[in-house]
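Shown next: entry_22.csv, given as CSV, C-alpha atoms and all ligand atoms.
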```csv
chain,number,residue,atom,x,y,z
L,1,MET,CA,67.7,207.5,132.0
L,2,LYS,CA,68.2,210.9,130.3
L,3,LYS,CA,65.4,213.5,130.8
L,4,ASN,CA,65.2,216.1,128.0
L,5,LYS,CA,63.8,219.5,128.9
L,6,THR,CA,63.5,221.3,125.5
L,7,ILE,CA,62.3,219.2,122.6
L,8,PHE,CA,62.0,220.3,119.0
L,9,LEU,CA,59.7,218.0,117.0
L,10,THR,CA,58.7,218.2,113.3
L,11,GLY,CA,55.5,216.6,112.0
L,12,ALA,CA,53.8,217.1,115.4
L,13,SER,CA,50.4,217.7,113.8
L,14,SER,CA,49.6,214.1,113.0
L,15,GLY,CA,50.4,210.4,113.6
L,16,ILE,CA,53.6,209.5,115.4
L,17,GLY,CA,54.7,213.1,115.9
L,18,ARG,CA,51.4,214.0,117.5
L,19,GLU,CA,51.6,211.1,119.9
L,20,LEU,CA,55.2,211.8,120.8
L,21,ALA,CA,54.3,215.4,121.6
L,22,LEU,CA,51.5,214.2,123.9
L,23,ASP,CA,53.8,211.7,125.5
L,24,TYR,CA,56.5,214.2,126.2
L,25,ALA,CA,54.2,216.9,127.5
L,26,ALA,CA,54.7,217.5,131.2
L,27,PRO,CA,55.4,220.3,133.6
L,28,GLY,CA,59.0,221.7,133.1
L,29,VAL,CA,59.2,220.5,129.5
L,30,VAL,CA,59.4,223.0,126.6
L,31,LEU,CA,57.9,221.6,123.4
L,32,LEU,CA,58.7,223.3,120.0
L,33,LEU,CA,56.3,221.9,117.5
L,34,THR,CA,56.0,222.2,113.8
L,35,GLY,CA,53.7,221.0,111.1
L,36,ARG,CA,51.8,222.3,108.0
L,37,ASP,CA,48.2,222.2,109.2
L,38,THR,CA,47.6,225.0,111.7
L,39,GLY,CA,44.3,223.6,113.0
L,40,ARG,CA,45.7,220.2,113.8
L,41,LEU,CA,49.0,221.6,115.1
L,42,GLU,CA,47.3,224.0,117.5
L,43,GLU,CA,45.0,221.2,118.7
L,44,VAL,CA,48.1,219.2,119.7
L,45,GLY,CA,49.7,222.3,121.2
L,46,ASN,CA,46.7,222.9,123.4
L,47,LEU,CA,46.5,219.3,124.5
L,48,CYS,CA,50.2,219.5,125.5
L,49,ARG,CA,49.6,222.7,127.4
L,50,GLN,CA,46.8,221.1,129.3
L,51,LYS,CA,49.4,218.5,130.4
L,52,GLY,CA,51.6,221.3,131.8
L,53,ALA,CA,54.2,221.7,129.1
L,54,HIS,CA,55.3,225.1,127.8
L,55,VAL,CA,54.5,224.9,124.1
L,56,GLU,CA,55.5,226.9,121.1
L,57,THR,CA,54.1,226.0,117.7
L,58,CYS,CA,54.9,227.1,114.1
L,59,THR,CA,53.2,226.2,110.9
L,60,ILE,CA,56.0,225.9,108.4
L,61,ASP,CA,57.0,223.6,105.6
L,62,VAL,CA,60.3,221.7,106.3
L,63,THR,CA,61.4,222.4,102.7
L,64,GLU,CA,61.3,226.2,103.2
L,65,ARG,CA,65.0,226.1,104.1
L,66,ALA,CA,65.8,229.8,104.9
L,67,ALA,CA,62.6,230.5,106.8
L,68,PHE,CA,62.8,227.2,108.7
L,69,GLU,CA,66.5,227.8,109.6
L,70,LYS,CA,65.6,231.2,111.0
L,71,LYS,CA,62.7,229.8,113.0
L,72,ILE,CA,64.9,227.0,114.5
L,73,LEU,CA,67.7,229.4,115.4
L,74,ASP,CA,65.2,231.9,117.0
L,75,TRP,CA,63.7,229.1,119.0
L,76,ASP,CA,67.2,227.8,120.0
L,77,ASP,CA,68.2,231.4,121.2
L,78,GLN,CA,65.1,231.4,123.5
L,79,TYR,CA,65.0,227.7,124.5
L,80,PRO,CA,68.3,225.9,123.9
L,81,ILE,CA,67.2,222.6,122.3
L,82,ASP,CA,68.2,219.4,124.1
L,83,LEU,CA,66.4,216.9,121.8
L,84,LEU,CA,65.6,217.3,118.1
L,85,ILE,CA,63.3,214.8,116.5
L,86,ALA,CA,63.2,215.1,112.7
L,87,ASN,CA,60.0,213.2,112.1
L,88,ALA,CA,58.1,215.0,109.4
L,89,GLY,CA,57.6,212.9,106.3
L,90,ILE,CA,55.3,211.7,103.5
L,91,SER,CA,55.1,208.4,101.8
L,92,GLY,CA,53.2,209.0,98.5
L,93,GLY,CA,52.9,211.4,95.6
L,94,ASP,CA,55.5,213.0,93.5
L,95,LEU,CA,58.9,211.3,93.6
L,96,TYR,CA,60.9,214.5,93.9
L,97,LYS,CA,58.6,215.8,96.6
L,98,ILE,CA,59.2,212.7,98.7
L,99,ILE,CA,62.9,213.2,98.5
L,100,ASP,CA,62.6,216.9,99.2
L,101,ILE,CA,60.6,216.5,102.3
L,102,ASN,CA,61.9,213.3,103.8
L,103,LEU,CA,65.6,213.9,103.1
L,104,GLY,CA,65.9,217.6,102.3
L,105,GLY,CA,63.6,218.4,105.2
L,106,THR,CA,65.7,216.3,107.5
L,107,PHE,CA,68.8,218.2,106.5
L,108,ASN,CA,67.0,221.5,107.0
L,109,THR,CA,65.9,220.4,110.4
L,110,VAL,CA,69.2,219.1,111.6
L,111,THR,CA,72.0,221.2,110.1
L,112,PRO,CA,71.2,224.6,111.7
L,113,LEU,CA,71.4,223.0,115.1
L,114,ILE,CA,74.6,221.1,114.8
L,115,PRO,CA,77.0,224.1,115.4
L,116,ARG,CA,74.8,225.1,118.4
L,117,MET,CA,74.9,221.6,119.9
L,118,ILE,CA,78.7,221.4,119.3
L,119,ALA,CA,79.2,224.7,121.1
L,120,ARG,CA,77.1,223.4,124.0
L,121,LYS,CA,78.8,220.0,123.9
L,122,SER,CA,75.4,218.3,124.4
L,123,GLY,CA,72.3,217.4,122.5
L,124,HIS,CA,70.4,214.5,121.0
L,125,ILE,CA,69.5,214.2,117.3
L,126,VAL,CA,66.8,211.7,116.4
L,127,LEU,CA,66.1,210.9,112.7
L,128,MET,CA,63.0,209.2,111.3
L,129,SER,CA,63.9,206.4,108.9
L,130,SER,CA,61.7,203.3,108.3
L,131,MET,CA,61.9,199.6,107.8
L,132,ALA,CA,62.0,200.7,104.1
L,133,GLY,CA,65.3,202.2,105.0
L,134,PHE,CA,67.2,198.9,104.8
L,135,ARG,CA,67.0,198.5,101.0
L,136,GLY,CA,65.1,199.8,98.0
L,137,MET,CA,61.5,198.6,98.0
L,138,PRO,CA,59.6,197.9,94.8
L,139,ASN,CA,56.3,199.1,96.3
L,140,ALA,CA,57.7,202.5,97.4
L,141,PRO,CA,60.9,203.3,95.3
L,142,ALA,CA,61.3,207.0,96.2
L,143,TYR,CA,60.1,206.6,99.8
L,144,SER,CA,62.7,203.8,100.4
L,145,VAL,CA,65.4,205.8,98.7
L,146,SER,CA,64.6,208.7,101.1
L,147,LYS,CA,64.7,206.5,104.1
L,148,VAL,CA,67.8,204.6,103.1
L,149,ALA,CA,69.4,208.0,102.8
L,150,VAL,CA,68.2,209.1,106.2
L,151,ARG,CA,69.6,205.9,107.7
L,152,ALA,CA,73.0,206.7,106.0
L,153,TYR,CA,72.8,210.2,107.3
L,154,GLY,CA,72.4,208.9,110.9
L,155,ASP,CA,75.3,206.5,110.4
L,156,ALA,CA,77.4,209.4,109.2
L,157,LEU,CA,76.5,211.8,112.0
L,158,ARG,CA,76.7,209.4,114.9
L,159,PRO,CA,80.5,208.9,114.9
L,160,LEU,CA,81.1,212.4,113.7
L,161,LEU,CA,79.2,214.0,116.6
L,162,LYS,CA,79.9,211.5,119.4
L,163,PRO,CA,83.2,213.2,120.3
L,164,GLU,CA,81.3,216.5,120.5
L,165,GLY,CA,79.0,215.1,123.2
L,166,ILE,CA,76.0,214.7,120.8
L,167,LEU,CA,74.0,211.6,120.6
L,168,VAL,CA,72.4,210.5,117.3
L,169,SER,CA,69.6,208.0,117.1
L,170,THR,CA,67.7,206.6,114.1
L,171,ILE,CA,64.2,205.2,114.2
L,172,PHE,CA,63.1,202.3,112.0
L,173,PRO,CA,59.3,201.8,112.5
L,174,GLY,CA,57.5,199.0,110.8
L,175,PHE,CA,53.8,199.7,109.9
L,176,VAL,CA,52.2,202.1,112.4
L,177,ARG,CA,48.5,203.0,112.3
L,178,THR,CA,48.5,206.7,111.3
L,179,PRO,CA,47.0,208.8,108.5
L,180,LEU,CA,50.1,207.9,106.5
L,181,THR,CA,49.3,204.2,106.5
L,182,ASP,CA,45.5,204.6,106.5
L,183,VAL,CA,45.6,205.0,102.8
L,184,ASN,CA,47.4,201.7,102.2
L,185,ASN,CA,45.1,199.2,100.5
L,186,PHE,CA,47.2,196.1,101.2
L,187,THR,CA,47.7,194.0,104.3
L,188,MET,CA,50.3,195.5,106.7
L,189,PRO,CA,52.0,192.8,108.7
L,190,PHE,CA,52.5,193.5,112.4
L,191,LEU,CA,50.6,196.8,112.2
L,192,MET,CA,51.2,198.7,115.5
L,193,ASP,CA,49.0,201.2,117.2
L,194,VAL,CA,50.5,204.7,117.3
L,195,GLU,CA,50.3,204.9,121.1
L,196,LYS,CA,52.5,201.8,121.5
L,197,ALA,CA,54.9,203.0,118.8
L,198,ALA,CA,55.3,206.4,120.4
L,199,ALA,CA,55.8,204.9,123.9
L,200,LEU,CA,58.5,202.6,122.5
L,201,ILE,CA,60.3,205.5,120.7
L,202,LYS,CA,60.3,207.7,123.8
L,203,CYS,CA,61.6,205.0,126.0
L,204,SER,CA,64.4,204.1,123.6
L,205,ILE,CA,65.3,207.8,123.1
L,206,GLU,CA,65.6,208.2,126.9
L,207,ALA,CA,67.7,205.1,127.0
L,208,GLY,CA,70.1,206.7,124.5
L,209,LYS,CA,69.7,203.9,121.9
L,210,SER,CA,71.4,204.6,118.6
L,211,SER,CA,69.0,202.4,116.6
L,212,ILE,CA,65.3,202.1,117.4
L,213,ALA,CA,63.7,199.4,115.3
L,214,PHE,CA,60.3,197.7,115.8
L,215,PRO,CA,58.5,195.4,115.7
L,216,TRP,CA,61.3,192.9,116.0
L,217,GLN,CA,59.8,190.5,113.5
L,218,MET,CA,59.9,193.2,110.8
L,219,HIS,CA,63.3,194.3,111.8
L,220,VAL,CA,64.8,190.8,111.4
L,221,PHE,CA,63.0,190.4,108.0
L,222,CYS,CA,64.1,193.8,106.7
L,223,TRP,CA,67.6,193.6,108.0
L,224,LEU,CA,67.9,190.2,106.2
L,225,LEU,CA,66.5,191.7,103.0
L,226,GLY,CA,69.3,194.3,103.2
L,227,VAL,CA,72.1,191.8,103.5
L,228,MET,CA,70.9,188.8,101.5
L,229,PRO,CA,71.9,188.3,97.8
L,230,ARG,CA,70.0,190.8,95.7
L,231,ALA,CA,68.3,188.2,93.5
L,232,VAL,CA,66.8,186.4,96.5
L,233,GLY,CA,65.6,189.7,98.0
L,234,ASP,CA,64.1,190.7,94.6
L,235,TRP,CA,62.2,187.5,94.4
L,236,ILE,CA,60.9,187.7,98.0
L,237,LEU,CA,59.8,191.3,97.5
L,238,SER,CA,58.1,190.5,94.2
L,239,CYS,CA,55.8,188.0,96.1
L,240,GLY,CA,54.9,190.7,98.8
L,241,PRO,CA,52.2,193.3,99.0
L,242,GLN,CA,52.2,195.9,96.2
L,243,LYS,CA,50.5,199.3,96.2
L,244,HIS,CA,47.7,199.4,93.6
F,301,LIG,N1,53.2,205.2,110.0
F,301,LIG,C1,54.2,204.3,109.6
F,301,LIG,O1,53.8,203.2,109.4
F,301,LIG,C2,55.6,204.8,109.5
F,301,LIG,C3,56.5,203.7,109.3
F,301,LIG,C4,57.9,204.1,109.1
F,301,LIG,C5,58.3,205.4,109.2
F,301,LIG,N2,57.3,206.4,109.3
F,301,LIG,C6,57.7,207.8,109.3
F,301,LIG,O2,57.3,208.4,110.4
F,301,LIG,C7,57.1,209.8,110.2
F,301,LIG,C8,55.7,210.3,110.6
F,301,LIG,O3,54.8,209.5,109.9
F,301,LIG,P1,53.3,209.3,110.3
F,301,LIG,O4,52.9,207.9,110.1
F,301,LIG,O5,53.1,209.9,111.7
F,301,LIG,O6,52.6,210.2,109.2
F,301,LIG,P2,51.4,211.4,109.3
F,301,LIG,O7,50.4,211.0,110.3
F,301,LIG,O8,51.0,211.6,107.9
F,301,LIG,O9,52.3,212.6,109.8
F,301,LIG,C9,53.3,213.2,109.1
F,301,LIG,C10,53.6,214.5,109.7
F,301,LIG,O10,54.7,215.1,108.9
F,301,LIG,C11,54.2,216.5,108.6
F,301,LIG,N3,54.8,216.9,107.3
F,301,LIG,C12,54.7,216.2,106.1
F,301,LIG,N4,55.2,216.9,105.2
F,301,LIG,C13,55.7,218.1,105.7
F,301,LIG,C14,56.3,219.2,105.2
F,301,LIG,N5,56.7,219.3,103.9
F,301,LIG,N6,56.7,220.2,106.1
F,301,LIG,C15,56.3,220.1,107.4
F,301,LIG,N7,55.7,219.0,107.9
F,301,LIG,C16,55.4,218.0,107.1
F,301,LIG,C17,52.7,216.4,108.6
F,301,LIG,O11,52.2,217.7,108.8
F,301,LIG,P3,50.7,218.1,108.3
F,301,LIG,O12,49.9,216.9,108.6
F,301,LIG,O13,50.4,219.3,109.1
F,301,LIG,O14,50.8,218.4,106.8
F,301,LIG,C18,52.5,215.5,109.8
F,301,LIG,O15,52.6,216.2,111.0
F,301,LIG,C19,57.4,210.0,108.7
F,301,LIG,O16,58.7,210.4,108.4
F,301,LIG,C20,57.2,208.6,108.1
F,301,LIG,O17,57.9,208.4,106.9
F,301,LIG,C21,56.0,206.1,109.5
```

Could I get this file's structure written as structure tokens?
Amino acid sequence: MKKNKTIFLTGASSGIGRELALDYAAPGVVLLLTGRDTGRLEEVGNLCRQKGAHVETCTIDVTERAAFEKKILDWDDQYPIDLLIANAGISGGDLYKIIDINLGGTFNTVTPLIPRMIARKSGHIVLMSSMAGFRGMPNAPAYSVSKVAVRAYGDALRPLLKPEGILVSTIFPGFVRTPLTDVNNFTMPFLMDVEKAAALIKCSIEAGKSSIAFPWQMHVFCWLLGVMPRAVGDWILSCGPQKH
């Protein structure tokens, strides 16, 4: 089992990211945490410090490319990053903003560190996709496009970076109870508590899994949707829950 000492995590101020930060917090661990809401981010930082971790926080938007790159590289100069978790994301609102944050933000998080990790011949990059990353979803068109793209980015990086000694993992959660899903007004099958989801993600990251998909029932369903004839998938999805 691989232990990571310096962990850079985006979207640490809420939901899955918050829970992951708390799970990783321990003596000897350096946590580099970002989010947009200073109050919530600092609260997570303080809780992690109480668990013995060294914590640095930065309130910054993942779409602010130049400023974010500078921050990442400054942090990496001080604390060479072992594990990067590109988790920040949104699921609703303006279509272009969803793509900007979920895909553009992922690029902005990952690309500055690739040359550093290659030079060190080590590192682990973890990307946050979704069960909506297996095909376009009628109830979340832009969101599913962003997550399909993140899945493809992971698939591209994994073989590219493996010879450099860098691991790439992609996470595909089903529905997890967080502020992001609290706004959904439809039944969410196999809804999972965030504590369970974060524990599963951490355990799979430490095991070096390239794909982290849960719960298994949603994984089977969404994987089948991605490979079955389009007309059949379209019909099944038209019978499913829709956002109102
Ligand atoms: N919950 C689920 O069911 C589910 C399922 C599949 C995939 N996911 C993915 O998991 C990730 C985390 O989701 P969550 O459920 O934990 O949602 P959440 O509770 O709403 O947390 C989202 C996090 O991302 C941060 N964030 C959003 N936009 C940002 C931006 N432009 N710049 C910097 N940080 C930004 C938020 O920061 P602030 O709060 O400080 O603004 C927050 O810390 C997302 O990528 C989401 O798509 C979630």

With ligand LIG 301 (chain F) as the partner and 6 Å as the cut-off, tabulate the residues of chain L that qualify, each row holding the nearest pair of atoms and their distance in Å to one decimal, using only C-alpha atoms and all ligand atoms, sorted by chain and rising number, as a Markdown table.
```
| residue | atom | partner | partner_atom | distance |
| --- | --- | --- | --- | --- |
| L:Gly11 | CA | F:LIG301 | O15 | 3.1 |
| L:Ala12 | CA | F:LIG301 | O15 | 4.6 |
| L:Ser13 | CA | F:LIG301 | O15 | 3.9 |
| L:Ser14 | CA | F:LIG301 | O15 | 4.2 |
| L:Gly15 | CA | F:LIG301 | O5 | 3.3 |
| L:Ile16 | CA | F:LIG301 | O5 | 3.8 |
| L:Gly17 | CA | F:LIG301 | O5 | 5.5 |
| L:Gly35 | CA | F:LIG301 | O13 | 4.2 |
| L:Arg36 | CA | F:LIG301 | O13 | 3.5 |
| L:Asp37 | CA | F:LIG301 | O13 | 3.6 |
| L:Ile60 | CA | F:LIG301 | C15 | 5.9 |
| L:Asp61 | CA | F:LIG301 | N6 | 3.4 |
| L:Val62 | CA | F:LIG301 | N6 | 3.9 |
| L:Thr63 | CA | F:LIG301 | N5 | 5.8 |
| L:Asn87 | CA | F:LIG301 | O16 | 4.8 |
| L:Ala88 | CA | F:LIG301 | O10 | 3.4 |
| L:Gly89 | CA | F:LIG301 | O16 | 3.4 |
| L:Ile90 | CA | F:LIG301 | C12 | 5.2 |
| L:Ser91 | CA | F:LIG301 | O17 | 5.8 |
| L:Ile101 | CA | F:LIG301 | N5 | 5.1 |
| L:Met128 | CA | F:LIG301 | O16 | 5.3 |
| L:Ser129 | CA | F:LIG301 | C5 | 5.7 |
| L:Ser130 | CA | F:LIG301 | C4 | 4.0 |
| L:Pro173 | CA | F:LIG301 | C4 | 4.3 |
| L:Gly174 | CA | F:LIG301 | C3 | 5.0 |
| L:Phe175 | CA | F:LIG301 | O1 | 3.5 |
| L:Val176 | CA | F:LIG301 | O1 | 3.6 |
| L:Arg177 | CA | F:LIG301 | N1 | 5.7 |
| L:Thr178 | CA | F:LIG301 | O4 | 4.7 |
| L:Pro179 | CA | F:LIG301 | O7 | 4.4 |
| L:Leu180 | CA | F:LIG301 | O8 | 4.1 |
| L:Thr181 | CA | F:LIG301 | N1 | 5.3 |
```

Any chance you can output those residues with C-alpha atoms as a tab-separated table (two decimals), in the frame of the given file?
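File again23.tsv, as written:
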```
chain	number	residue	atom	x	y	z
L	11	GLY	CA	55.50	216.60	112.00
L	12	ALA	CA	53.80	217.10	115.40
L	13	SER	CA	50.40	217.70	113.80
L	14	SER	CA	49.60	214.10	113.00
L	15	GLY	CA	50.40	210.40	113.60
L	16	ILE	CA	53.60	209.50	115.40
L	17	GLY	CA	54.70	213.10	115.90
L	35	GLY	CA	53.70	221.00	111.10
L	36	ARG	CA	51.80	222.30	108.00
L	37	ASP	CA	48.20	222.20	109.20
L	60	ILE	CA	56.00	225.90	108.40
L	61	ASP	CA	57.00	223.60	105.60
L	62	VAL	CA	60.30	221.70	106.30
L	63	THR	CA	61.40	222.40	102.70
L	87	ASN	CA	60.00	213.20	112.10
L	88	ALA	CA	58.10	215.00	109.40
L	89	GLY	CA	57.60	212.90	106.30
L	90	ILE	CA	55.30	211.70	103.50
L	91	SER	CA	55.10	208.40	101.80
L	101	ILE	CA	60.60	216.50	102.30
L	128	MET	CA	63.00	209.20	111.30
L	129	SER	CA	63.90	206.40	108.90
L	130	SER	CA	61.70	203.30	108.30
L	173	PRO	CA	59.30	201.80	112.50
L	174	GLY	CA	57.50	199.00	110.80
L	175	PHE	CA	53.80	199.70	109.90
L	176	VAL	CA	52.20	202.10	112.40
L	177	ARG	CA	48.50	203.00	112.30
L	178	THR	CA	48.50	206.70	111.30
L	179	PRO	CA	47.00	208.80	108.50
L	180	LEU	CA	50.10	207.90	106.50
L	181	THR	CA	49.30	204.20	106.50
```

(Q) Just checking: using all atoms listed in the file, which residue out of L:Gly154, L:Gly226, L:Gly233, L:Gly92 ends up closest to Thr106 (chain L)? (A) L:Gly154

**Q.** For Phe68 (chain L): contacts at 10 Å, all atoms listed in the file, fewer than 3 positions along chain excluded, given as a VMD selection string
**A.** chain L and resid 34 58 to 65 71 to 74 105 108 to 109 112

Q. Which one is closest to Ile205 (chain L): L:His54, L:Arg135, L:His124, L:Arg158? Count only C-alpha atoms.
A. L:His124

Q | Distance in Å - CA of Ile7 (chain L) versus CA of Val168 (chain L) | A |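 So the two atoms, CA of Ile7 (chain L) and CA of Val168 (chain L), lie 14.3 Å apart.
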
Q: Could you please determine the separation between CA of Gly45 (chain L) and CA of Thr57 (chain L) in Å, to one decimal place?
A: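 Separation of CA of Gly45 (chain L) and CA of Thr57 (chain L): 6.7 Å.
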
Q: Name all residues at most 9 Å from Val110 (chain L) (count only C-alpha atoms; drop same-chain ones fewer than 3 positions away) and give them as a list in words.
A: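 That gives Leu84, Ile85, Ala86, Gly105, Thr106, Phe107, Leu113, Ile114, Ile125 and Leu127 of chain L.
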
Q) Just how far from CA of Leu33 (chain L) is CA of Ala21 (chain L), in Å to one decimal? A)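 Computing the Euclidean distance for CA of Ala21 (chain L) and CA of Leu33 (chain L) yields 7.9 Å.
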
Q) What would the list of residues within 12 Å of (61.2, 200.6, 98.0) (file frame) look like as an NGL selection string, if only C-alpha atoms are what count? A) :L and (91-92 or 95 or 130-148 or 222 or 225-226 or 233-234 or 237-238 or 240-243)

Would you put the residues from that selection into a file with C-alpha atoms, as an mmCIF file, keeping the file's coordinate frame?
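The result, stored in again_28.cif:
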```
data_model
loop_
_atom_site.group_PDB
_atom_site.id
_atom_site.type_symbol
_atom_site.label_atom_id
_atom_site.label_comp_id
_atom_site.auth_asym_id
_atom_site.auth_seq_id
_atom_site.Cartn_x
_atom_site.Cartn_y
_atom_site.Cartn_z
ATOM 1 C CA SER L 91 55.100 208.400 101.800
ATOM 2 C CA GLY L 92 53.200 209.000 98.500
ATOM 3 C CA LEU L 95 58.900 211.300 93.600
ATOM 4 C CA SER L 130 61.700 203.300 108.300
ATOM 5 C CA MET L 131 61.900 199.600 107.800
ATOM 6 C CA ALA L 132 62.000 200.700 104.100
ATOM 7 C CA GLY L 133 65.300 202.200 105.000
ATOM 8 C CA PHE L 134 67.200 198.900 104.800
ATOM 9 C CA ARG L 135 67.000 198.500 101.000
ATOM 10 C CA GLY L 136 65.100 199.800 98.000
ATOM 11 C CA MET L 137 61.500 198.600 98.000
ATOM 12 C CA PRO L 138 59.600 197.900 94.800
ATOM 13 C CA ASN L 139 56.300 199.100 96.300
ATOM 14 C CA ALA L 140 57.700 202.500 97.400
ATOM 15 C CA PRO L 141 60.900 203.300 95.300
ATOM 16 C CA ALA L 142 61.300 207.000 96.200
ATOM 17 C CA TYR L 143 60.100 206.600 99.800
ATOM 18 C CA SER L 144 62.700 203.800 100.400
ATOM 19 C CA VAL L 145 65.400 205.800 98.700
ATOM 20 C CA SER L 146 64.600 208.700 101.100
ATOM 21 C CA LYS L 147 64.700 206.500 104.100
ATOM 22 C CA VAL L 148 67.800 204.600 103.100
ATOM 23 C CA CYS L 222 64.100 193.800 106.700
ATOM 24 C CA LEU L 225 66.500 191.700 103.000
ATOM 25 C CA GLY L 226 69.300 194.300 103.200
ATOM 26 C CA GLY L 233 65.600 189.700 98.000
ATOM 27 C CA ASP L 234 64.100 190.700 94.600
ATOM 28 C CA LEU L 237 59.800 191.300 97.500
ATOM 29 C CA SER L 238 58.100 190.500 94.200
ATOM 30 C CA GLY L 240 54.900 190.700 98.800
ATOM 31 C CA PRO L 241 52.200 193.300 99.000
ATOM 32 C CA GLN L 242 52.200 195.900 96.200
ATOM 33 C CA LYS L 243 50.500 199.300 96.200
#
```

Q. Looking at only C-alpha atoms, which of L:Asp182, L:Lys162, L:Asn102, L:Lys97 is the one that sits closest to Val194 (chain L)?
A.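 Selected residue with least distance to Val194 (chain L): L:Asp182.
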
What lies within 9 Å of Ala25 (chain L) using all atoms listed in the file, ignoring chain neighbours under 4 positions off, as a compact mmCIF listing (two decimals) with C-alpha atoms, keeping the file's coordinate frame?
```txt
# COMPACT_ATOMS: atom_id res chain seq x y z
CA LEU L 20 55.20 211.80 120.80
CA ALA L 21 54.30 215.40 121.60
CA VAL L 29 59.20 220.50 129.50
CA VAL L 30 59.40 223.00 126.60
CA LEU L 31 57.90 221.60 123.40
CA LEU L 47 46.50 219.30 124.50
CA CYS L 48 50.20 219.50 125.50
CA ARG L 49 49.60 222.70 127.40
CA GLN L 50 46.80 221.10 129.30
CA LYS L 51 49.40 218.50 130.40
CA GLY L 52 51.60 221.30 131.80
CA ALA L 53 54.20 221.70 129.10
CA HIS L 54 55.30 225.10 127.80
CA VAL L 55 54.50 224.90 124.10
```

Neighbour list for Met117 (chain L) as a short mmCIF file (atom, residue, chain, number, x, y, z; two decimals) with C-alpha atoms, in the coordinates of the input, cut-off 9 Å, only C-alpha atoms, skip fewer than 5 positions in-chain:
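Once written, selection13.cif looks like this:
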```
data_model
loop_
_atom_site.label_atom_id
_atom_site.label_comp_id
_atom_site.auth_asym_id
_atom_site.auth_seq_id
_atom_site.Cartn_x
_atom_site.Cartn_y
_atom_site.Cartn_z
CA PRO L 80 68.30 225.90 123.90
CA ILE L 81 67.20 222.60 122.30
CA ASP L 82 68.20 219.40 124.10
CA SER L 122 75.40 218.30 124.40
CA GLY L 123 72.30 217.40 122.50
CA HIS L 124 70.40 214.50 121.00
CA GLU L 164 81.30 216.50 120.50
CA GLY L 165 79.00 215.10 123.20
CA ILE L 166 76.00 214.70 120.80
#
```

**Q.** Nearest to Glu69 (chain L) by atom-to-atom distance, counting all atoms listed in the file, from L:Thr111, L:Phe214, L:Thr6, L:Pro159
**A.** L:Thr111
